[in-house]
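Pasted below: upload_6.pdb, PDB, C-alpha atoms.
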ATOM      1  CA  MET A  16       1.416   8.389   9.811
ATOM      2  CA  HIS A  17       1.388   8.031   6.050
ATOM      3  CA  GLU A  18      -1.115  10.809   5.367
ATOM      4  CA  LEU A  19       1.759  12.987   4.162
ATOM      5  CA  SER A  20       2.600  10.442   1.453
ATOM      6  CA  ILE A  21      -1.082  10.243   0.568
ATOM      7  CA  ALA A  22      -1.283  14.048   0.490
ATOM      8  CA  LEU A  23       1.745  14.197  -1.830
ATOM      9  CA  SER A  24       0.092  11.696  -4.179
ATOM     10  CA  LEU A  25      -3.122  13.693  -4.033
ATOM     11  CA  VAL A  26      -1.379  16.974  -4.818
ATOM     12  CA  GLU A  27       0.468  15.367  -7.714
ATOM     13  CA  LEU A  28      -2.735  13.933  -9.150
ATOM     14  CA  ALA A  29      -4.629  17.199  -8.632
ATOM     15  CA  SER A  30      -1.808  19.186 -10.283
ATOM     16  CA  ASP A  31      -1.902  16.890 -13.326
ATOM     17  CA  GLU A  32      -5.636  17.285 -13.641
ATOM     18  CA  LEU A  33      -5.434  21.027 -13.091
ATOM     19  CA  ALA A  34      -2.884  21.405 -15.893
ATOM     20  CA  ARG A  35      -5.421  19.978 -18.322
ATOM     21  CA  LEU A  36      -8.027  22.565 -17.446
ATOM     22  CA  GLY A  37      -6.106  25.482 -18.819
ATOM     23  CA  ASP A  38      -6.513  28.925 -17.381
ATOM     24  CA  VAL A  39      -8.484  28.389 -14.199
ATOM     25  CA  ARG A  40      -8.017  29.260 -10.576
ATOM     26  CA  LEU A  41      -8.312  26.333  -8.198
ATOM     27  CA  HIS A  42     -10.684  26.927  -5.326
ATOM     28  CA  ALA A  43     -11.103  23.512  -3.709
ATOM     29  CA  VAL A  44     -10.076  19.879  -4.014
ATOM     30  CA  HIS A  45     -12.834  17.359  -3.290
ATOM     31  CA  VAL A  46     -11.894  13.918  -2.027
ATOM     32  CA  ARG A  47     -13.671  10.894  -0.637
ATOM     33  CA  VAL A  48     -12.097   9.035   2.252
ATOM     34  CA  GLY A  49     -13.474   5.626   3.113
ATOM     35  CA  ALA A  50     -13.512   4.552   6.751
ATOM     36  CA  ARG A  51     -11.582   1.412   5.784
ATOM     37  CA  SER A  52      -8.922   3.216   3.743
ATOM     38  CA  GLY A  53      -6.629   3.547   6.734
ATOM     39  CA  VAL A  54      -6.475   7.297   6.248
ATOM     40  CA  VAL A  55      -7.443   9.771   8.953
ATOM     41  CA  SER A  56      -9.188  12.847   7.564
ATOM     42  CA  ASP A  57      -7.722  15.257  10.103
ATOM     43  CA  ALA A  58      -4.204  14.050   9.422
ATOM     44  CA  LEU A  59      -4.810  14.304   5.683
ATOM     45  CA  ARG A  60      -6.120  17.846   6.082
ATOM     46  CA  PHE A  61      -3.064  18.744   8.135
ATOM     47  CA  SER A  62      -0.692  17.244   5.541
ATOM     48  CA  PHE A  63      -2.463  18.694   2.529
ATOM     49  CA  ASP A  64      -1.282  22.293   2.976
ATOM     50  CA  VAL A  65       2.276  21.150   3.544
ATOM     51  CA  ALA A  66       2.166  18.935   0.448
ATOM     52  CA  ALA A  67       0.524  21.629  -1.679
ATOM     53  CA  ASN A  68       3.058  24.294  -0.753
ATOM     54  CA  GLY A  69       4.916  25.492  -3.850
ATOM     55  CA  THR A  70       2.643  23.611  -6.276
ATOM     56  CA  PRO A  71      -0.237  24.865  -8.452
ATOM     57  CA  VAL A  72      -2.550  23.393  -5.817
ATOM     58  CA  ALA A  73      -1.288  25.713  -3.054
ATOM     59  CA  GLY A  74      -3.987  27.766  -1.421
ATOM     60  CA  ALA A  75      -6.839  25.446  -2.363
ATOM     61  CA  THR A  76      -9.230  24.164   0.287
ATOM     62  CA  LEU A  77      -9.471  20.439   0.878
ATOM     63  CA  GLU A  78     -13.061  19.206   1.062
ATOM     64  CA  ILE A  79     -13.323  15.722   2.508
ATOM     65  CA  GLU A  80     -16.380  13.524   2.219
ATOM     66  CA  GLU A  81     -16.136  10.596   4.611
ATOM     67  CA  VAL A  82     -17.723   7.330   3.537
ATOM     68  CA  ALA A  83     -18.593   4.643   6.054
ATOM     69  CA  ASP A  84     -17.512   1.051   5.522
ATOM     70  CA  SER A  85     -15.534   1.712   2.356
ATOM     71  CA  PRO A  86     -11.852   1.321   1.425
ATOM     72  CA  GLU A  87     -11.986   4.077  -1.206
ATOM     73  CA  LEU A  88      -9.584   6.960  -1.372
ATOM     74  CA  GLN A  89     -10.512   9.058  -4.327
ATOM     75  CA  LEU A  90     -10.035  12.470  -5.873
ATOM     76  CA  ARG A  91     -13.611  13.284  -6.789
ATOM     77  CA  GLY A  92     -13.205  16.625  -8.424
ATOM     78  CA  LEU A  93     -11.698  20.060  -8.600
ATOM     79  CA  GLU A  94     -13.665  23.183  -7.878
ATOM     80  CA  VAL A  95     -12.349  25.963 -10.117
ATOM     81  CA  PHE A  96     -13.045  29.522 -11.185
ATOM     82  CA  ASP A  97     -12.639  30.312 -14.842
ATOM     83  CA  ARG A  98     -10.393  33.267 -15.374
ATOM     84  CA  GLU A  99     -12.007  35.833 -17.582
ATOM     85  CA  PRO A 100      -9.781  37.064 -20.385
ATOM     86  CA  ALA A 101      -8.768  40.637 -19.501
ATOM     87  CA  ASN A 102      -9.782  42.115 -22.841
ATOM     88  CA  ARG A 103     -13.302  40.714 -22.639
ATOM     89  CA  ARG A 104     -14.038  41.578 -19.043
ATOM     90  CA  SER A 105     -17.543  42.965 -18.708
ATOM     91  CA  THR A 106     -17.943  46.233 -16.891
TER      92      THR A 106
ATOM     93  CA  MET B 167     -18.804  34.409 -10.354
ATOM     94  CA  ASN B 168     -19.451  30.931  -9.054
ATOM     95  CA  PRO B 169     -16.919  28.154  -9.152
ATOM     96  CA  ARG B 170     -17.641  25.063 -11.235
ATOM     97  CA  ILE B 171     -16.817  21.545 -10.256
ATOM     98  CA  VAL B 172     -14.781  19.440 -12.651
ATOM     99  CA  GLU B 173     -15.284  15.773 -11.979
ATOM    100  CA  VAL B 174     -12.132  13.641 -11.741
ATOM    101  CA  ARG B 175     -12.994  10.407  -9.924
ATOM    102  CA  LYS B 176      -9.520   8.942  -9.770
ATOM    103  CA  ASP B 177      -7.934   6.936  -6.979
ATOM    104  CA  ILE B 178      -5.390   8.994  -5.109
ATOM    105  CA  LEU B 179      -2.976   6.075  -5.032
ATOM    106  CA  ARG B 180      -3.571   5.136  -8.661
ATOM    107  CA  LYS B 181       0.068   5.816  -9.542
ATOM    108  CA  ASN B 182       1.165   3.272  -6.979
ATOM    109  CA  ASP B 183      -1.576   0.872  -8.075
ATOM    110  CA  GLU B 184      -0.558   1.167 -11.722
ATOM    111  CA  LEU B 185       3.087   0.650 -10.882
ATOM    112  CA  ALA B 186       2.204  -2.341  -8.696
ATOM    113  CA  ARG B 187       0.161  -3.818 -11.518
ATOM    114  CA  ALA B 188       3.107  -3.420 -13.888
ATOM    115  CA  LEU B 189       5.395  -5.052 -11.328
ATOM    116  CA  ARG B 190       2.968  -7.943 -10.874
ATOM    117  CA  GLN B 191       2.912  -8.486 -14.621
ATOM    118  CA  ARG B 192       6.703  -8.460 -14.710
ATOM    119  CA  PHE B 193       6.944 -10.978 -11.859
ATOM    120  CA  HIS B 194       4.327 -13.081 -13.575
ATOM    121  CA  ALA B 195       6.150 -12.985 -16.909
ATOM    122  CA  PHE B 196       9.417 -14.053 -15.287
ATOM    123  CA  GLY B 197       7.724 -16.632 -13.068
ATOM    124  CA  VAL B 198       8.940 -14.970  -9.857
ATOM    125  CA  PHE B 199       6.792 -15.703  -6.816
ATOM    126  CA  VAL B 200       6.804 -12.616  -4.574
ATOM    127  CA  VAL B 201       5.982 -12.791  -0.883
ATOM    128  CA  SER B 202       5.783  -9.666   1.269
ATOM    129  CA  LEU B 203       5.965  -9.600   5.051
ATOM    130  CA  VAL B 204       4.257  -6.968   7.182
ATOM    131  CA  SER B 205       4.111  -6.610  10.964
ATOM    132  CA  SER B 206       4.759  -4.229  13.818
ATOM    133  CA  PRO B 207       8.439  -3.507  14.586
ATOM    134  CA  GLY B 208      10.015  -6.397  16.458
ATOM    135  CA  ALA B 209       7.442  -9.054  15.578
ATOM    136  CA  GLY B 210      10.164 -11.175  14.015
ATOM    137  CA  LYS B 211      10.077 -10.550  10.276
ATOM    138  CA  THR B 212      13.842 -10.700   9.920
ATOM    139  CA  ALA B 213      14.179 -13.790  12.113
ATOM    140  CA  LEU B 214      11.450 -15.538  10.123
ATOM    141  CA  LEU B 215      13.202 -14.576   6.908
ATOM    142  CA  GLU B 216      16.624 -15.720   8.099
ATOM    143  CA  ARG B 217      15.361 -19.229   8.661
ATOM    144  CA  THR B 218      13.075 -19.172   5.636
ATOM    145  CA  LEU B 219      15.867 -18.078   3.291
ATOM    146  CA  ALA B 220      18.209 -20.727   4.647
ATOM    147  CA  GLU B 221      15.562 -23.385   4.003
ATOM    148  CA  THR B 222      14.161 -22.174   0.690
ATOM    149  CA  MET B 223      17.562 -21.543  -0.909
ATOM    150  CA  LYS B 224      18.038 -25.305  -1.020
ATOM    151  CA  ARG B 225      15.084 -25.581  -3.353
ATOM    152  CA  TRP B 226      14.755 -22.284  -5.172
ATOM    153  CA  ARG B 227      16.757 -19.303  -6.325
ATOM    154  CA  VAL B 228      15.670 -16.808  -3.700
ATOM    155  CA  ALA B 229      16.406 -13.163  -2.915
ATOM    156  CA  ALA B 230      15.162 -10.590  -0.442
ATOM    157  CA  LEU B 231      14.436  -6.880  -0.258
ATOM    158  CA  VAL B 232      14.234  -5.296   3.188
ATOM    159  CA  GLY B 233      12.748  -1.953   4.054
ATOM    160  CA  ASP B 234      13.710   0.181   7.037
ATOM    161  CA  LEU B 235      13.831   3.870   7.787
ATOM    162  CA  GLN B 236      17.540   3.730   8.586
ATOM    163  CA  THR B 237      20.470   1.257   8.736
ATOM    164  CA  ASP B 238      21.229  -1.833   6.701
ATOM    165  CA  ASN B 239      21.352  -4.041   9.799
ATOM    166  CA  ASP B 240      18.590  -6.340   8.570
ATOM    167  CA  ALA B 241      20.115  -6.690   5.129
ATOM    168  CA  ARG B 242      23.453  -7.611   6.686
ATOM    169  CA  ARG B 243      21.780 -10.176   8.929
ATOM    170  CA  LEU B 244      19.992 -11.735   5.973
ATOM    171  CA  ALA B 245      23.002 -11.593   3.670
ATOM    172  CA  ALA B 246      24.763 -13.958   6.080
ATOM    173  CA  THR B 247      22.534 -16.706   4.663
ATOM    174  CA  GLY B 248      24.306 -16.277   1.324
ATOM    175  CA  VAL B 249      21.163 -15.137  -0.445
ATOM    176  CA  PRO B 250      21.219 -11.902  -2.503
ATOM    177  CA  VAL B 251      19.747  -9.168  -0.313
ATOM    178  CA  ARG B 252      19.101  -5.522  -0.940
ATOM    179  CA  GLN B 253      18.202  -2.922   1.678
ATOM    180  CA  ILE B 254      15.731  -0.172   0.891
ATOM    181  CA  THR B 255      16.182   2.731   3.304
ATOM    182  CA  THR B 256      13.064   4.834   3.211
ATOM    183  CA  GLY B 257      14.434   7.803   5.180
ATOM    184  CA  THR B 258      11.346   9.038   6.974
ATOM    185  CA  VAL B 259       8.755   7.158   4.963
ATOM    186  CA  CYS B 260       6.842   4.629   7.051
ATOM    187  CA  HIS B 261       6.183   2.027   4.348
ATOM    188  CA  LEU B 262       7.487   0.616   1.092
ATOM    189  CA  ASP B 263       5.720   1.578  -2.110
ATOM    190  CA  ALA B 264       5.745   0.059  -5.576
ATOM    191  CA  GLU B 265       8.243   2.586  -6.883
ATOM    192  CA  MET B 266      10.819   1.775  -4.193
ATOM    193  CA  VAL B 267      10.488  -1.933  -4.989
ATOM    194  CA  SER B 268      10.732  -1.251  -8.691
ATOM    195  CA  ARG B 269      13.863   0.861  -8.247
ATOM    196  CA  ALA B 270      15.503  -1.722  -5.985
ATOM    197  CA  LEU B 271      14.938  -4.373  -8.644
ATOM    198  CA  ASP B 272      16.584  -2.335 -11.376
ATOM    199  CA  GLU B 273      19.894  -4.120 -11.254
ATOM    200  CA  TRP B 274      18.514  -7.573 -10.658
ATOM    201  CA  GLU B 275      17.891 -10.105 -13.355
ATOM    202  CA  LEU B 276      14.432 -11.453 -12.650
ATOM    203  CA  THR B 277      15.188 -14.430 -14.875
ATOM    204  CA  SER B 278      17.616 -15.634 -12.225
ATOM    205  CA  LEU B 279      14.976 -15.707  -9.473
ATOM    206  CA  ASP B 280      12.243 -18.110  -8.406
ATOM    207  CA  VAL B 281      11.121 -16.465  -5.178
ATOM    208  CA  LEU B 282      11.527 -12.919  -3.900
ATOM    209  CA  PHE B 283      10.770 -11.967  -0.308
ATOM    210  CA  VAL B 284       9.989  -8.349   0.511
ATOM    211  CA  GLU B 285      10.229  -7.332   4.154
ATOM    212  CA  ASN B 286       8.223  -4.159   4.649
ATOM    213  CA  VAL B 287       8.981  -1.453   7.215
ATOM    214  CA  GLY B 288       7.767  -2.512  10.665
ATOM    215  CA  ASN B 289       4.389  -0.803  10.791
ATOM    216  CA  LEU B 290       0.845  -2.130  11.006
ATOM    217  CA  VAL B 291      -0.837   0.942   9.559
ATOM    218  CA  CYS B 292       0.685   2.482   6.446
ATOM    219  CA  PRO B 293       1.842  -0.577   4.469
ATOM    220  CA  ALA B 294      -1.815  -1.619   4.163
ATOM    221  CA  SER B 295      -2.462   1.117   1.596
ATOM    222  CA  TYR B 296       0.410   0.262  -0.748
ATOM    223  CA  ASP B 297       0.254  -2.610  -3.194
ATOM    224  CA  LEU B 298       3.793  -3.800  -3.971
ATOM    225  CA  GLY B 299       2.857  -6.207  -6.734
ATOM    226  CA  GLU B 300       3.344  -9.174  -4.429
ATOM    227  CA  ALA B 301       1.526 -12.472  -4.970
ATOM    228  CA  LEU B 302       1.194 -13.212  -1.272
ATOM    229  CA  ARG B 303       1.048 -10.741   1.601
ATOM    230  CA  VAL B 304       1.813 -12.282   4.960
ATOM    231  CA  VAL B 305       1.025 -10.470   8.191
ATOM    232  CA  LEU B 306       3.056 -11.479  11.257
ATOM    233  CA  MET B 307       1.969 -11.160  14.843
ATOM    234  CA  SER B 308       4.153 -12.284  17.727
ATOM    235  CA  VAL B 309       2.871 -13.953  20.887
ATOM    236  CA  THR B 310       4.389 -11.132  22.940
ATOM    237  CA  GLU B 311       2.194  -8.482  21.325
ATOM    238  CA  GLY B 312      -1.228  -9.092  22.775
ATOM    239  CA  GLU B 313      -3.999 -11.137  21.243
ATOM    240  CA  ASP B 314      -6.108  -8.146  20.227
ATOM    241  CA  LYS B 315      -3.640  -6.677  17.701
ATOM    242  CA  PRO B 316      -5.890  -7.675  14.779
ATOM    243  CA  LEU B 317      -8.821  -5.817  16.337
ATOM    244  CA  LYS B 318      -6.679  -2.721  16.762
ATOM    245  CA  TYR B 319      -5.218  -2.819  13.234
ATOM    246  CA  PRO B 320      -7.908  -4.476  11.093
ATOM    247  CA  THR B 321      -6.881  -2.915   7.757
ATOM    248  CA  ILE B 322      -3.528  -4.661   7.530
ATOM    249  CA  PHE B 323      -5.096  -8.024   8.433
ATOM    250  CA  ASN B 324      -7.782  -7.378   5.848
ATOM    251  CA  SER B 325      -5.278  -6.744   3.105
ATOM    252  CA  SER B 326      -3.213  -9.861   3.889
ATOM    253  CA  ASP B 327      -3.471 -13.369   2.438
ATOM    254  CA  LEU B 328      -2.027 -15.287   5.367
ATOM    255  CA  ALA B 329      -1.310 -14.666   9.046
ATOM    256  CA  VAL B 330       1.730 -16.057  10.853
ATOM    257  CA  ILE B 331       1.944 -16.071  14.631
ATOM    258  CA  THR B 332       5.621 -15.880  15.598
ATOM    259  CA  LYS B 333       7.760 -16.571  18.699
ATOM    260  CA  THR B 334       5.578 -19.490  19.822
ATOM    261  CA  ASP B 335       8.518 -20.694  21.939
ATOM    262  CA  LEU B 336       7.674 -17.752  24.229
ATOM    263  CA  ALA B 337       3.924 -18.438  24.304
ATOM    264  CA  ASP B 338       3.850 -20.058  27.731
ATOM    265  CA  ALA B 339       6.228 -17.546  29.284
ATOM    266  CA  VAL B 340       4.004 -14.629  28.303
ATOM    267  CA  GLY B 341       0.688 -16.410  28.892
ATOM    268  CA  PHE B 342      -0.319 -16.183  25.239
ATOM    269  CA  ASP B 343      -4.001 -16.989  24.676
ATOM    270  CA  ARG B 344      -3.996 -18.869  21.365
ATOM    271  CA  ASP B 345      -7.777 -19.053  21.029
ATOM    272  CA  ALA B 346      -8.265 -15.358  21.715
ATOM    273  CA  ALA B 347      -5.648 -14.486  19.071
ATOM    274  CA  ARG B 348      -7.205 -16.755  16.471
ATOM    275  CA  GLN B 349     -10.670 -15.421  17.262
ATOM    276  CA  ALA B 350      -9.425 -11.859  16.881
ATOM    277  CA  ILE B 351      -7.932 -12.656  13.486
ATOM    278  CA  ASP B 352     -11.082 -14.439  12.399
ATOM    279  CA  ARG B 353     -13.211 -11.527  13.485
ATOM    280  CA  VAL B 354     -11.446  -8.960  11.310
ATOM    281  CA  ARG B 355     -10.778 -11.330   8.419
ATOM    282  CA  PRO B 356     -13.009 -14.408   8.501
ATOM    283  CA  GLY B 357     -11.327 -17.465   7.032
ATOM    284  CA  LEU B 358      -7.787 -16.055   7.006
ATOM    285  CA  ASP B 359      -5.376 -18.961   7.423
ATOM    286  CA  VAL B 360      -3.093 -18.861  10.440
ATOM    287  CA  ILE B 361       0.258 -20.606  10.825
ATOM    288  CA  GLU B 362       2.143 -20.672  14.127
ATOM    289  CA  VAL B 363       5.922 -20.712  14.068
ATOM    290  CA  SER B 364       9.004 -20.260  16.190
ATOM    291  CA  SER B 365      11.889 -18.965  14.132
ATOM    292  CA  ARG B 366      14.220 -19.873  16.979
ATOM    293  CA  SER B 367      13.262 -23.538  17.390
ATOM    294  CA  GLY B 368      11.936 -24.094  13.879
ATOM    295  CA  ALA B 369       8.570 -25.306  15.186
ATOM    296  CA  GLY B 370       5.829 -24.841  12.600
ATOM    297  CA  PHE B 371       8.279 -24.294   9.758
ATOM    298  CA  ASP B 372       7.201 -27.469   7.993
ATOM    299  CA  ARG B 373       3.752 -26.026   7.544
ATOM    300  CA  TRP B 374       5.025 -22.560   6.616
ATOM    301  CA  LEU B 375       7.428 -23.875   3.980
ATOM    302  CA  GLU B 376       4.831 -26.276   2.626
ATOM    303  CA  ARG B 377       2.396 -23.398   2.326
ATOM    304  CA  LEU B 378       4.936 -21.336   0.380
ATOM    305  CA  GLN B 379       5.483 -24.251  -1.952
ATOM    306  CA  THR B 380       1.750 -24.747  -2.538
ATOM    307  CA  GLU B 381       1.121 -21.057  -3.110
ATOM    308  CA  ARG B 382       4.001 -20.876  -5.550
ATOM    309  CA  GLN B 383       2.772 -23.960  -7.380
ATOM    310  CA  ASN B 384      -0.743 -22.548  -7.597
ATOM    311  CA  ARG B 385       0.663 -19.367  -9.089
ATOM    312  CA  SER B 386       2.742 -21.191 -11.659
ATOM    313  CA  THR B 387      -0.287 -23.256 -12.685
ATOM    314  CA  GLY B 388      -2.000 -19.894 -12.926
ATOM    315  CA  TYR B 389       0.841 -18.573 -15.074
ATOM    316  CA  LEU B 390       0.415 -21.517 -17.458
ATOM    317  CA  LEU B 391      -3.366 -21.235 -17.565
ATOM    318  CA  ALA B 392      -3.177 -17.515 -18.127
ATOM    319  CA  GLY B 393      -0.513 -17.928 -20.802
ATOM    320  CA  PRO B 394      -1.136 -17.743 -24.540
TER     321      PRO B 394
END

Would you encode the structure as structure tokens?
Amino acid sequence: MHELSIALSLVELASDELARLGDVRLHAVHVRVGARSGVVSDALRFSFDVAANGTPVAGATLEIEEVADSPELQLRGLEVFDREPANRRST
Amino acid sequence: MNPRIVEVRKDILRKNDELARALRQRFHAFGVFVVSLVSSPGAGKTALLERTLAETMKRWRVAALVGDLQTDNDARRLAATGVPVRQITTGTVCHLDAEMVSRALDEWELTSLDVLFVENVGNLVCPASYDLGEALRVVLMSVTEGEDKPLKYPTIFNSSDLAVITKTDLADAVGFDRDAARQAIDRVRPGLDVIEVSSRSGAGFDRWLERLQTERQNRSTGYLLAGP
């Protein structure tokens, strides 16, 4: 089962991307898993939380879109909440 | 407040892919022909390599990297041929990746090599996802394994450039169905070349060694054509 290695790579990539976005709160990580990628979605889901533990990605949900007849394994996007600056918070 | 989606669209294994690409360029620049071997545990990768190293070292400057979770047993077996061998112990990781190969090569002078063999961890699943920068990926399948292995593990056969059926000296004893095996391979990867060998008797090695020579030659013609 190499989903843990894949999950570690995913978390690393997601953390890098997240760092570029500045002050946001990560809600979900969207990935596409091709049926020919050799990766099992359930195993990836299981590994994701373990891999994310202690990283900026921890606590995010993993959203997997499965694609038939494809070898792709891609981080599609990050779903984030913008943090509102405290001094400009509307009441 | 609603979340927004920031598009990324990057391959999860892009780090490995980038590293593999860099490795391939390095091998190319130094004219090193790299062959990787993948199979299930016990299909005969090390036995095939033992004989292959002994034969190819007469012609080329060869070396080998071997991956296993634990022990350097395979490396010690292969080192008996007199060829430089390095063991990569992966700990709990079920495959080699480009970084492990890159690290293992750190102390080696690529200028002093013509051919490098990389024996992956015995596993028909995970190694399929990891490009190691090799020029030729060879998938092994032994006659004792059952003819439908390719149907059960199509991804690894799909990502390979050549299939080698091993232990043919045992074919009769285990009632190996040659046609069924070849059909299974052809079904998951139409047109994939198949070579049958026995590492014990040496049967089929002529073809295997000839194939290595041709592939290497094709690459070096490629190196020249691609050169400045």

Residues picked by the PyMOL selection byres ((chain B) within 8 of (chain A)) here, as a PyMOL selection string?
chain B and resi 167-179+181+259-261+291-292+294-295+321

Give as a PyMOL selection string the residues that the PyMOL selection byres ((chain B and resi 203) around 12) matches when applied to the coordinates above.
chain B and resi 200-202+204-207+209-215+218+230-233+261-262+282-290+293-294+298+300-307+322-323+325-330

Using the chain letters and residue numbers of this document, give as a PyMOL selection string the residues selected by the PyMOL selection byres ((chain B and resi 368) around 10).
chain B and resi 214+217-218+333-335+363-367+369-372

State, in Å with one decimal place, the distance from CA of Ser308 (chain B) to CA of Glu221 (chain B).
21.0 Å

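Put simply, CA of Gln236 (chain B) is 28.3 Å away from CA of Ser56 (chain A).
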
CA of Ala186 (chain B) and CA of Arg269 (chain B) are how many Å apart?
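Atom-to-atom, CA of Ala186 (chain B) to CA of Arg269 (chain B), that is 12.1 Å.
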